[in-house]
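**Student:** Dropping in my_file30.csv, which is CSV, C-alpha atoms:
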```csv
chain,number,residue,atom,x,y,z
A,11,MET,CA,66.6,-47.7,0.9
A,12,ALA,CA,66.8,-44.3,2.4
A,13,ASP,CA,63.8,-42.0,2.2
A,14,ILE,CA,64.5,-38.3,1.8
A,15,ILE,CA,62.1,-36.8,4.4
A,16,SER,CA,62.0,-34.1,7.1
A,17,LEU,CA,63.8,-34.6,10.3
A,18,GLY,CA,60.5,-34.5,12.3
A,19,GLU,CA,59.1,-37.3,10.2
A,20,ALA,CA,62.3,-39.4,10.5
A,21,ILE,CA,62.4,-39.1,14.3
A,22,SER,CA,58.6,-39.9,14.5
A,23,ARG,CA,58.9,-42.9,12.2
A,24,HIS,CA,62.2,-44.4,13.4
A,25,VAL,CA,62.8,-43.5,17.1
A,26,ASN,CA,60.6,-45.2,19.6
A,27,ASP,CA,60.4,-44.9,23.4
A,28,GLY,CA,62.8,-47.4,25.0
A,29,ASP,CA,65.1,-47.6,22.0
A,30,CYS,CA,68.9,-47.9,22.2
A,31,ILE,CA,70.0,-44.9,20.1
A,32,ALA,CA,73.5,-43.7,19.1
A,33,LEU,CA,74.1,-40.1,18.0
A,34,GLU,CA,77.7,-40.2,16.8
A,35,GLY,CA,80.2,-37.6,15.5
A,36,PHE,CA,83.8,-36.8,16.5
A,37,THR,CA,84.6,-33.1,17.2
A,38,HIS,CA,82.5,-32.2,14.1
A,39,LEU,CA,79.4,-33.4,12.4
A,40,ILE,CA,77.7,-33.9,15.7
A,41,PRO,CA,73.9,-34.5,15.1
A,42,THR,CA,72.7,-31.7,17.3
A,43,ALA,CA,69.5,-31.0,15.3
A,44,ALA,CA,68.4,-34.6,15.8
A,45,SER,CA,68.8,-34.3,19.6
A,46,HIS,CA,66.6,-31.3,19.6
A,47,GLU,CA,63.9,-33.1,17.6
A,48,ILE,CA,63.9,-36.1,20.0
A,49,ILE,CA,63.3,-33.6,22.8
A,50,ARG,CA,60.5,-31.9,20.9
A,51,GLN,CA,58.7,-35.2,20.3
A,52,GLY,CA,59.1,-36.2,23.9
A,53,LYS,CA,60.8,-39.5,23.4
A,54,GLN,CA,61.5,-41.3,26.7
A,55,ASN,CA,63.3,-44.1,28.3
A,56,LEU,CA,66.1,-44.1,25.8
A,57,HIS,CA,69.4,-46.0,26.1
A,58,LEU,CA,71.9,-43.5,24.8
A,59,VAL,CA,75.2,-44.6,23.3
A,60,ARG,CA,78.1,-42.3,22.3
A,61,MET,CA,81.8,-42.4,22.6
A,62,THR,CA,82.1,-38.8,23.7
A,63,PRO,CA,78.8,-37.4,25.0
A,64,ASP,CA,78.8,-33.6,24.9
A,65,LEU,CA,76.1,-30.9,24.7
A,66,ALA,CA,73.7,-33.0,22.6
A,67,TYR,CA,73.5,-35.6,25.3
A,68,ASP,CA,73.5,-33.1,28.2
A,69,LEU,CA,70.3,-31.8,26.6
A,70,LEU,CA,68.7,-35.3,26.2
A,71,ILE,CA,69.6,-36.3,29.7
A,72,GLY,CA,68.4,-33.0,31.2
A,73,ALA,CA,65.2,-33.2,29.3
A,74,GLY,CA,64.3,-36.5,30.8
A,75,CYS,CA,64.7,-38.6,27.6
A,76,ALA,CA,67.3,-41.0,28.9
A,77,ARG,CA,67.4,-44.0,31.3
A,78,LYS,CA,70.9,-45.3,30.5
A,79,LEU,CA,74.2,-44.0,29.0
A,80,THR,CA,76.9,-46.2,27.4
A,81,PHE,CA,80.0,-44.0,26.8
A,82,SER,CA,83.7,-43.7,27.0
A,83,TRP,CA,84.1,-40.0,28.0
A,84,GLY,CA,81.7,-37.2,28.8
A,85,GLY,CA,82.1,-33.4,29.0
A,86,ASN,CA,81.7,-30.0,27.6
A,87,PRO,CA,84.8,-30.0,25.4
A,88,GLY,CA,87.2,-27.2,26.3
A,89,VAL,CA,85.0,-26.0,29.1
A,90,GLY,CA,84.3,-28.6,31.8
A,91,SER,CA,81.6,-31.0,33.0
A,92,LEU,CA,78.3,-31.9,31.6
A,93,HIS,CA,76.1,-30.6,34.5
A,94,ARG,CA,72.9,-32.3,33.5
A,95,LEU,CA,74.7,-35.6,33.2
A,96,ARG,CA,76.2,-35.1,36.6
A,97,ASP,CA,72.9,-34.1,38.2
A,98,ALA,CA,71.2,-37.2,36.8
A,99,VAL,CA,74.0,-39.6,38.1
A,100,GLU,CA,74.5,-37.9,41.4
A,101,LYS,CA,71.0,-36.7,42.4
A,102,GLN,CA,68.7,-38.6,40.0
A,103,TRP,CA,67.3,-35.4,38.4
A,104,PRO,CA,65.2,-35.3,36.4
A,105,ASN,CA,65.4,-39.1,36.7
A,106,ALA,CA,68.0,-41.7,37.6
A,107,LEU,CA,70.6,-42.5,34.9
A,108,GLU,CA,72.3,-45.8,34.7
A,109,ILE,CA,75.9,-45.5,33.3
A,110,ASP,CA,77.9,-48.1,31.4
A,111,GLU,CA,81.5,-46.8,31.0
A,112,HIS,CA,84.1,-48.1,28.7
A,113,SER,CA,87.4,-47.0,27.2
A,114,HIS,CA,87.6,-45.4,23.8
A,115,ALA,CA,89.2,-48.4,22.2
A,116,ASP,CA,86.7,-50.7,23.8
A,117,LEU,CA,83.6,-48.8,22.5
A,118,ALA,CA,85.1,-48.3,19.1
A,119,ASN,CA,85.7,-52.0,18.8
A,120,ALA,CA,82.2,-52.7,20.1
A,121,TYR,CA,80.8,-50.7,17.2
A,122,VAL,CA,83.0,-52.6,14.7
A,123,ALA,CA,81.7,-55.8,16.2
A,124,GLY,CA,78.1,-54.7,15.8
A,125,ALA,CA,78.7,-53.6,12.2
A,126,SER,CA,80.4,-57.0,11.5
A,127,GLY,CA,77.5,-59.0,12.9
A,128,LEU,CA,79.6,-60.3,15.8
A,129,PRO,CA,78.3,-60.8,19.3
A,130,PHE,CA,81.2,-59.2,21.1
A,131,ALA,CA,84.4,-57.1,20.6
A,132,LEU,CA,87.8,-58.5,21.4
A,133,LEU,CA,90.8,-56.4,22.3
A,134,ARG,CA,94.1,-56.4,24.2
A,135,ALA,CA,93.2,-53.8,26.9
A,136,TYR,CA,92.4,-53.0,30.5
A,137,ALA,CA,95.6,-54.3,32.0
A,138,GLY,CA,96.0,-52.4,35.3
A,139,SER,CA,92.6,-50.6,34.8
A,140,ASP,CA,89.9,-50.5,37.5
A,141,LEU,CA,87.0,-50.2,34.9
A,142,PRO,CA,86.4,-54.0,34.9
A,143,LYS,CA,85.8,-53.9,38.6
A,144,VAL,CA,82.8,-51.5,38.2
A,145,ASN,CA,81.6,-52.6,34.8
A,146,PRO,CA,80.5,-56.3,34.7
A,147,SER,CA,80.1,-56.2,30.9
A,148,ILE,CA,83.9,-56.0,30.6
A,149,ARG,CA,85.1,-59.6,30.8
A,150,PHE,CA,88.1,-61.6,29.9
A,151,ILE,CA,88.7,-64.7,27.8
A,152,THR,CA,91.7,-66.9,26.9
A,153,CYS,CA,92.8,-67.0,23.3
A,154,PRO,CA,92.5,-70.7,22.1
A,155,PHE,CA,95.7,-70.2,20.0
A,156,THR,CA,98.1,-68.4,22.1
A,157,GLY,CA,96.8,-68.6,25.6
A,158,GLU,CA,96.7,-64.8,26.0
A,159,LYS,CA,94.2,-63.1,28.3
A,160,LEU,CA,92.1,-60.7,26.2
A,161,ALA,CA,89.3,-58.3,27.0
A,162,ALA,CA,85.8,-58.9,25.6
A,163,THR,CA,82.7,-56.6,25.7
A,164,PRO,CA,79.3,-56.9,24.1
A,165,ALA,CA,78.8,-55.6,20.5
A,166,VAL,CA,77.0,-52.2,20.2
A,167,ARG,CA,73.9,-52.8,18.0
A,168,PRO,CA,71.7,-49.7,18.4
A,169,ASP,CA,68.1,-49.7,17.4
A,170,VAL,CA,68.8,-46.4,15.7
A,171,THR,CA,71.9,-44.5,14.8
A,172,VAL,CA,71.8,-40.8,13.9
A,173,ILE,CA,74.7,-39.0,12.2
A,174,HIS,CA,75.3,-35.7,10.4
A,175,ALA,CA,77.1,-35.5,7.1
A,176,GLN,CA,78.0,-33.0,4.5
A,177,LYS,CA,76.1,-34.3,1.4
A,178,ALA,CA,73.6,-36.7,0.1
A,179,ASP,CA,72.5,-37.3,-3.4
A,180,ARG,CA,68.9,-37.7,-4.5
A,181,LYS,CA,69.1,-41.5,-4.2
A,182,GLY,CA,70.0,-41.2,-0.5
A,183,ASN,CA,73.7,-42.0,-0.8
A,184,VAL,CA,75.7,-40.0,1.8
A,185,LEU,CA,79.2,-38.5,1.6
A,186,LEU,CA,81.2,-37.3,4.7
A,187,TRP,CA,84.7,-36.2,5.1
A,188,GLY,CA,87.1,-34.6,7.5
A,189,ILE,CA,87.9,-36.1,10.9
A,190,LEU,CA,85.8,-39.3,11.2
A,191,GLY,CA,85.0,-41.1,14.4
A,192,VAL,CA,82.8,-44.2,14.4
A,193,GLN,CA,80.0,-42.8,12.2
A,194,LYS,CA,80.4,-45.5,9.5
A,195,GLU,CA,80.5,-48.3,12.0
A,196,ALA,CA,77.7,-46.9,14.1
A,197,ALA,CA,75.5,-46.6,11.0
A,198,LEU,CA,76.2,-50.1,9.8
A,199,ALA,CA,75.7,-51.6,13.3
A,200,ALA,CA,72.2,-50.2,13.7
A,201,LYS,CA,68.8,-51.6,12.8
A,202,ARG,CA,67.8,-48.2,11.5
A,203,CYS,CA,69.9,-45.1,10.5
A,204,ILE,CA,69.0,-41.5,10.1
A,205,VAL,CA,71.4,-39.0,8.4
A,206,THR,CA,71.0,-35.3,8.5
A,207,VAL,CA,73.0,-33.4,5.8
A,208,GLU,CA,74.0,-29.9,4.9
A,209,GLU,CA,72.9,-30.2,1.3
A,210,ILE,CA,71.3,-32.6,-1.2
A,211,VAL,CA,73.0,-32.6,-4.6
A,212,ASP,CA,72.6,-34.3,-7.9
A,213,ASP,CA,76.1,-35.9,-7.8
A,214,LEU,CA,78.3,-36.5,-4.8
A,215,ASN,CA,81.5,-36.1,-6.8
A,216,ALA,CA,83.1,-38.3,-4.2
A,217,PRO,CA,86.9,-38.4,-4.3
A,218,MET,CA,88.8,-41.7,-4.2
A,219,ASN,CA,88.7,-43.4,-0.8
A,220,ALA,CA,86.0,-41.1,0.5
A,221,CYS,CA,83.6,-42.3,3.1
A,222,VAL,CA,80.3,-43.0,1.3
A,223,LEU,CA,77.3,-44.6,3.0
A,224,PRO,CA,75.1,-46.2,0.4
A,225,GLY,CA,71.4,-45.4,0.5
A,226,TRP,CA,70.4,-49.1,0.9
A,227,ALA,CA,72.1,-49.1,4.3
A,228,LEU,CA,70.2,-46.1,5.6
A,229,SER,CA,66.6,-45.5,6.7
A,230,ALA,CA,66.2,-41.7,6.2
A,231,VAL,CA,68.1,-38.7,4.9
A,232,CYS,CA,67.1,-35.3,6.1
A,233,HIS,CA,68.1,-31.9,4.7
A,234,VAL,CA,69.1,-29.9,7.8
A,235,PRO,CA,71.6,-27.1,7.0
A,236,GLY,CA,73.6,-26.2,10.1
A,237,GLY,CA,72.4,-29.4,11.8
A,238,ALA,CA,75.8,-30.0,13.6
A,239,HIS,CA,75.9,-26.5,15.3
A,240,PRO,CA,77.6,-25.7,17.7
A,241,SER,CA,80.1,-28.3,16.5
A,242,TYR,CA,81.5,-27.7,13.0
A,243,ALA,CA,80.9,-29.2,9.6
A,244,HIS,CA,84.2,-29.4,7.7
A,245,GLY,CA,84.0,-27.3,4.6
A,246,TYR,CA,80.7,-25.6,5.7
A,247,TYR,CA,81.1,-23.7,9.0
A,248,GLU,CA,83.4,-23.4,12.0
A,249,ARG,CA,82.9,-24.5,15.6
A,250,ASP,CA,81.0,-22.0,17.7
A,251,ASN,CA,83.3,-21.8,20.7
A,252,ARG,CA,81.1,-19.1,22.4
A,253,PHE,CA,78.1,-21.4,22.4
A,254,TYR,CA,80.0,-24.1,24.4
A,255,GLN,CA,81.2,-21.5,26.9
A,256,ALA,CA,77.7,-20.0,27.2
A,257,TRP,CA,76.3,-23.4,27.8
A,258,ASP,CA,78.1,-23.9,31.1
A,259,PRO,CA,76.1,-21.5,33.3
A,260,ILE,CA,72.9,-22.5,31.6
A,261,ALA,CA,73.4,-26.2,32.3
A,262,ARG,CA,74.6,-25.6,35.9
A,263,ASP,CA,71.2,-24.5,37.1
A,264,ARG,CA,68.1,-26.7,36.8
A,265,GLU,CA,65.7,-23.7,36.4
A,266,ALA,CA,67.9,-22.0,33.8
A,267,PHE,CA,68.3,-25.2,31.8
A,268,SER,CA,64.5,-26.0,31.9
A,269,ALA,CA,63.7,-22.4,30.8
A,270,TRP,CA,66.2,-22.6,28.0
A,271,ILE,CA,64.9,-25.8,26.4
A,272,ASP,CA,61.3,-24.6,26.9
A,273,GLU,CA,62.1,-21.4,25.0
A,274,TYR,CA,64.6,-22.6,22.4
A,275,ILE,CA,63.7,-26.3,21.7
A,276,ARG,CA,60.2,-27.0,22.8
A,277,GLY,CA,59.2,-23.5,21.9
A,278,THR,CA,60.4,-23.8,18.2
A,279,ARG,CA,59.0,-25.8,15.4
A,280,ASP,CA,62.2,-27.2,14.0
A,281,PHE,CA,66.0,-26.6,13.9
A,282,SER,CA,65.7,-23.8,11.4
A,283,GLU,CA,63.4,-21.8,13.7
A,284,PHE,CA,65.8,-22.6,16.6
A,285,GLN,CA,68.7,-21.2,14.6
A,286,GLN,CA,66.7,-18.1,13.7
A,287,LYS,CA,65.8,-17.5,17.3
A,288,ILE,CA,69.4,-17.9,18.5
A,289,ALA,CA,70.6,-15.5,15.9
A,290,GLU,CA,68.0,-12.9,16.9
A,291,ASP,CA,68.7,-13.2,20.6
A,292,LYS,CA,72.4,-12.7,20.1
```
Just dump the structure as structure tokens.

**Tutor:**
Amino acid sequence: MADIISLGEAISRHVNDGDCIALEGFTHLIPTAASHEIIRQGKQNLHLVRMTPDLAYDLLIGAGCARKLTFSWGGNPGVGSLHRLRDAVEKQWPNALEIDEHSHADLANAYVAGASGLPFALLRAYAGSDLPKVNPSIRFITCPFTGEKLAATPAVRPDVTVIHAQKADRKGNVLLWGILGVQKEAALAAKRCIVTVEEIVDDLNAPMNACVLPGWALSAVCHVPGGAHPSYAHGYYERDNRFYQAWDPIARDREAFSAWIDEYIRGTRDFSEFQQKIAEDK
């Protein structure tokens, strides 16, 4: 059953050094605040999983929190490369980063397999692709019924999944809507799940066919308004395009990046203080 606690307490309680951790969200509801708190608490040696690593993972990698990245695409959406990710892969700064690359369909199916309690994902894919040549975890099996050659990859079963959502009720049930990626599957595949939310309400008033995660499937719910910024939260605030653009020159330079996280993340107590400092400095 989900406890309604602060984000700092949730990260301290549920995220351990060496964990496999997935911070999921697709175009919006990206759990940025959680990535900041992981850095503040100095978590290390993490195996990061995410279908589309963006700024949140650039921060975690550049801060030295990660040892491995399982992903299917990575970049600063609409701007360019993730420079801290590139530096870690190409020049091992601040430390070496092992990469495990998959296709979108593969990784999405791997989450589904994990949520279903299955050992691997099965899909009709990778015909003509070079990815299986460089990723030994992509393998092929023969269907016992049709004789077809099918791709198989290990299920994704994170130690911890973190997502952001719009609402939770006081029992810890969570409602999210808008464009959904694999948040539901990532949450159900994990041993522990932390959800940050825009607001906590008495009644979710969930419409028919809404995505509701029950409190019994979650570990912690944390009230963090604005916790998806600079991505957007459908129904609450828009995407901060200027932040994504401003990130590029900061992330390109090691000293500029290190100074930024020291001032804005390690130098603030929580995401609320970070937001206040960013607003003042604008």

**Student:** So, with all atoms listed in the file as the atoms that count, which of A:Ile148, A:Ala137, A:Gly90, A:Val170 lies closest to A:Gly28?

**Tutor:**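 Answer, going by the shortest atom-to-atom distance: A:Val170.
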
**Student:** So the first atom is atom CA of A:Ser268 and the second is atom CA of A:Asn55; what is the distance between them in Å, to one decimal place?

**Tutor:**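 Interatomic distance here is 18.5 Å.
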
**Student:** Please provide the set of residues having any atom within 7 Å of A:Pro240, restricted to all atoms listed in the file, with same-chain residues fewer than 6 positions apart removed, written as an MDAnalysis selection string.

**Tutor:** chainID A and resid 249:250 253

**Student:** Find the nearest atom pair between each residue of stretch 62-170 of chain A and stretch 32-40 of chain A for residues within 12 Å, count only C-alpha atoms, give distances in Å to one decimal, sort rows by chain and ascending number, and present the table as a tab-separated table.

**Tutor:**
```
residue	atom	partner	partner_atom	distance
A:Thr62	CA	A:Phe36	CA	7.7
A:Pro63	CA	A:Glu34	CA	8.7
A:Asp64	CA	A:Ile40	CA	9.3
A:Leu65	CA	A:Ile40	CA	9.6
A:Ala66	CA	A:Ile40	CA	8.0
A:Tyr67	CA	A:Leu33	CA	8.6
A:Leu70	CA	A:Leu33	CA	10.9
A:Ala76	CA	A:Ala32	CA	11.9
A:Lys78	CA	A:Ala32	CA	11.8
A:Leu79	CA	A:Ala32	CA	9.9
A:Thr80	CA	A:Ala32	CA	9.3
A:Phe81	CA	A:Ala32	CA	10.1
A:Trp83	CA	A:Phe36	CA	11.9
A:Asn86	CA	A:Thr37	CA	11.2
A:Pro87	CA	A:Thr37	CA	8.8
A:Gly88	CA	A:Thr37	CA	11.2
A:His114	CA	A:Phe36	CA	11.9
A:Leu117	CA	A:Ala32	CA	11.8
A:Ala118	CA	A:Glu34	CA	11.2
A:Tyr121	CA	A:Ala32	CA	10.3
A:Val166	CA	A:Ala32	CA	9.3
A:Arg167	CA	A:Ala32	CA	9.2
A:Pro168	CA	A:Ala32	CA	6.3
A:Asp169	CA	A:Ala32	CA	8.2
A:Val170	CA	A:Ala32	CA	6.4
```

**Student:** Keeping only C-alpha atoms, take the residues you just selected and write them out as a PDB file, keeping the file's coordinate frame.

**Tutor:**
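Produced file out39.pdb, reproduced below:
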```pdb
ATOM      1  CA  THR A  62      82.100 -38.800  23.700  1.00  0.00           C
ATOM      2  CA  PRO A  63      78.800 -37.400  25.000  1.00  0.00           C
ATOM      3  CA  ASP A  64      78.800 -33.600  24.900  1.00  0.00           C
ATOM      4  CA  LEU A  65      76.100 -30.900  24.700  1.00  0.00           C
ATOM      5  CA  ALA A  66      73.700 -33.000  22.600  1.00  0.00           C
ATOM      6  CA  TYR A  67      73.500 -35.600  25.300  1.00  0.00           C
ATOM      7  CA  LEU A  70      68.700 -35.300  26.200  1.00  0.00           C
ATOM      8  CA  ALA A  76      67.300 -41.000  28.900  1.00  0.00           C
ATOM      9  CA  LYS A  78      70.900 -45.300  30.500  1.00  0.00           C
ATOM     10  CA  LEU A  79      74.200 -44.000  29.000  1.00  0.00           C
ATOM     11  CA  THR A  80      76.900 -46.200  27.400  1.00  0.00           C
ATOM     12  CA  PHE A  81      80.000 -44.000  26.800  1.00  0.00           C
ATOM     13  CA  TRP A  83      84.100 -40.000  28.000  1.00  0.00           C
ATOM     14  CA  ASN A  86      81.700 -30.000  27.600  1.00  0.00           C
ATOM     15  CA  PRO A  87      84.800 -30.000  25.400  1.00  0.00           C
ATOM     16  CA  GLY A  88      87.200 -27.200  26.300  1.00  0.00           C
ATOM     17  CA  HIS A 114      87.600 -45.400  23.800  1.00  0.00           C
ATOM     18  CA  LEU A 117      83.600 -48.800  22.500  1.00  0.00           C
ATOM     19  CA  ALA A 118      85.100 -48.300  19.100  1.00  0.00           C
ATOM     20  CA  TYR A 121      80.800 -50.700  17.200  1.00  0.00           C
ATOM     21  CA  VAL A 166      77.000 -52.200  20.200  1.00  0.00           C
ATOM     22  CA  ARG A 167      73.900 -52.800  18.000  1.00  0.00           C
ATOM     23  CA  PRO A 168      71.700 -49.700  18.400  1.00  0.00           C
ATOM     24  CA  ASP A 169      68.100 -49.700  17.400  1.00  0.00           C
ATOM     25  CA  VAL A 170      68.800 -46.400  15.700  1.00  0.00           C
TER      26      VAL A 170
END
```

**Student:** Can you tell me which residues surround A:Met11 at a distance of at most 12 Å, considering only C-alpha atoms, apart from same-chain residues fewer than 6 positions away, and format the answer as an mmCIF file with C-alpha atoms, keeping the file's coordinate frame?

**Tutor:**
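The result, stored in selection.cif:
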```cif
data_model
loop_
_atom_site.group_PDB
_atom_site.id
_atom_site.type_symbol
_atom_site.label_atom_id
_atom_site.label_comp_id
_atom_site.auth_asym_id
_atom_site.auth_seq_id
_atom_site.Cartn_x
_atom_site.Cartn_y
_atom_site.Cartn_z
ATOM 1 C CA ARG A 180 68.900 -37.700 -4.500
ATOM 2 C CA LYS A 181 69.100 -41.500 -4.200
ATOM 3 C CA GLY A 182 70.000 -41.200 -0.500
ATOM 4 C CA ASN A 183 73.700 -42.000 -0.800
ATOM 5 C CA VAL A 184 75.700 -40.000 1.800
ATOM 6 C CA ARG A 202 67.800 -48.200 11.500
ATOM 7 C CA CYS A 203 69.900 -45.100 10.500
ATOM 8 C CA ILE A 204 69.000 -41.500 10.100
ATOM 9 C CA LEU A 223 77.300 -44.600 3.000
ATOM 10 C CA PRO A 224 75.100 -46.200 0.400
ATOM 11 C CA GLY A 225 71.400 -45.400 0.500
ATOM 12 C CA TRP A 226 70.400 -49.100 0.900
ATOM 13 C CA ALA A 227 72.100 -49.100 4.300
ATOM 14 C CA LEU A 228 70.200 -46.100 5.600
ATOM 15 C CA SER A 229 66.600 -45.500 6.700
ATOM 16 C CA ALA A 230 66.200 -41.700 6.200
ATOM 17 C CA VAL A 231 68.100 -38.700 4.900
#
```

**Student:** Hey, can you check how far atom CA of A:Ala196 sits from atom CA of A:Gly237?

**Tutor:**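 Atom-to-atom, atom CA of A:Ala196 and atom CA of A:Gly237 are spaced 18.4 Å apart.
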
**Student:** Compare A:Leu160, A:Met61, A:Ile71, A:Ala243 by their minimum atom-to-atom distance to A:Ala131, counting all atoms listed in the file, and give me the closest one.

**Tutor:** A:Leu160

**Student:** Considering all atoms listed in the file, state which residue in the set A:Lys194, A:Arg264, A:Lys159, A:Arg77 is at the smallest distance from A:Val99.

**Tutor:** A:Arg77

**Student:** Residues near stretch 91-95 of chain A, anyone? I mean within 6 Å using only C-alpha atoms, not counting same-chain ones fewer than 4 positions away, as a CSV table (one decimal) with C-alpha atoms, keeping the file's coordinate frame.

**Tutor:**
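In the end it all went to selection_24.csv:
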```
chain,number,residue,atom,x,y,z
A,68,ASP,CA,73.5,-33.1,28.2
A,72,GLY,CA,68.4,-33.0,31.2
A,85,GLY,CA,82.1,-33.4,29.0
A,86,ASN,CA,81.7,-30.0,27.6
A,261,ALA,CA,73.4,-26.2,32.3
A,262,ARG,CA,74.6,-25.6,35.9
```

**Student:** Could you check which of A:Ile260, A:Leu58, A:Ile189, A:Ile288 is closest to A:His244, using all atoms listed in the file?

**Tutor:**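 For A:His244, the nearest of the given residues is A:Ile189.
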
**Student:** One decimal, in Å: what's the spacing between atom CA of A:Ala123 and atom CA of A:Val205?

**Tutor:**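 Interatomic distance, atom CA of A:Ala123 to atom CA of A:Val205: 21.2 Å.
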
**Student:** Might you pull out every residue within 8 Å of A:Gly18, with all atoms listed in the file counted and same-chain residues fewer than 4 positions away left off, and present them as an NGL selection string?

**Tutor:** :A and (22 or 47 or 280)

**Student:** Only C-alpha atoms, please: the residues just picked out, written as an mmCIF file, in the frame of the given file.

**Tutor:**
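Saved result, result.cif, follows:
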```
data_model
loop_
_atom_site.group_PDB
_atom_site.id
_atom_site.type_symbol
_atom_site.label_atom_id
_atom_site.label_comp_id
_atom_site.auth_asym_id
_atom_site.auth_seq_id
_atom_site.Cartn_x
_atom_site.Cartn_y
_atom_site.Cartn_z
ATOM 1 C CA SER A 22 58.600 -39.900 14.500
ATOM 2 C CA GLU A 47 63.900 -33.100 17.600
ATOM 3 C CA ASP A 280 62.200 -27.200 14.000
#
```
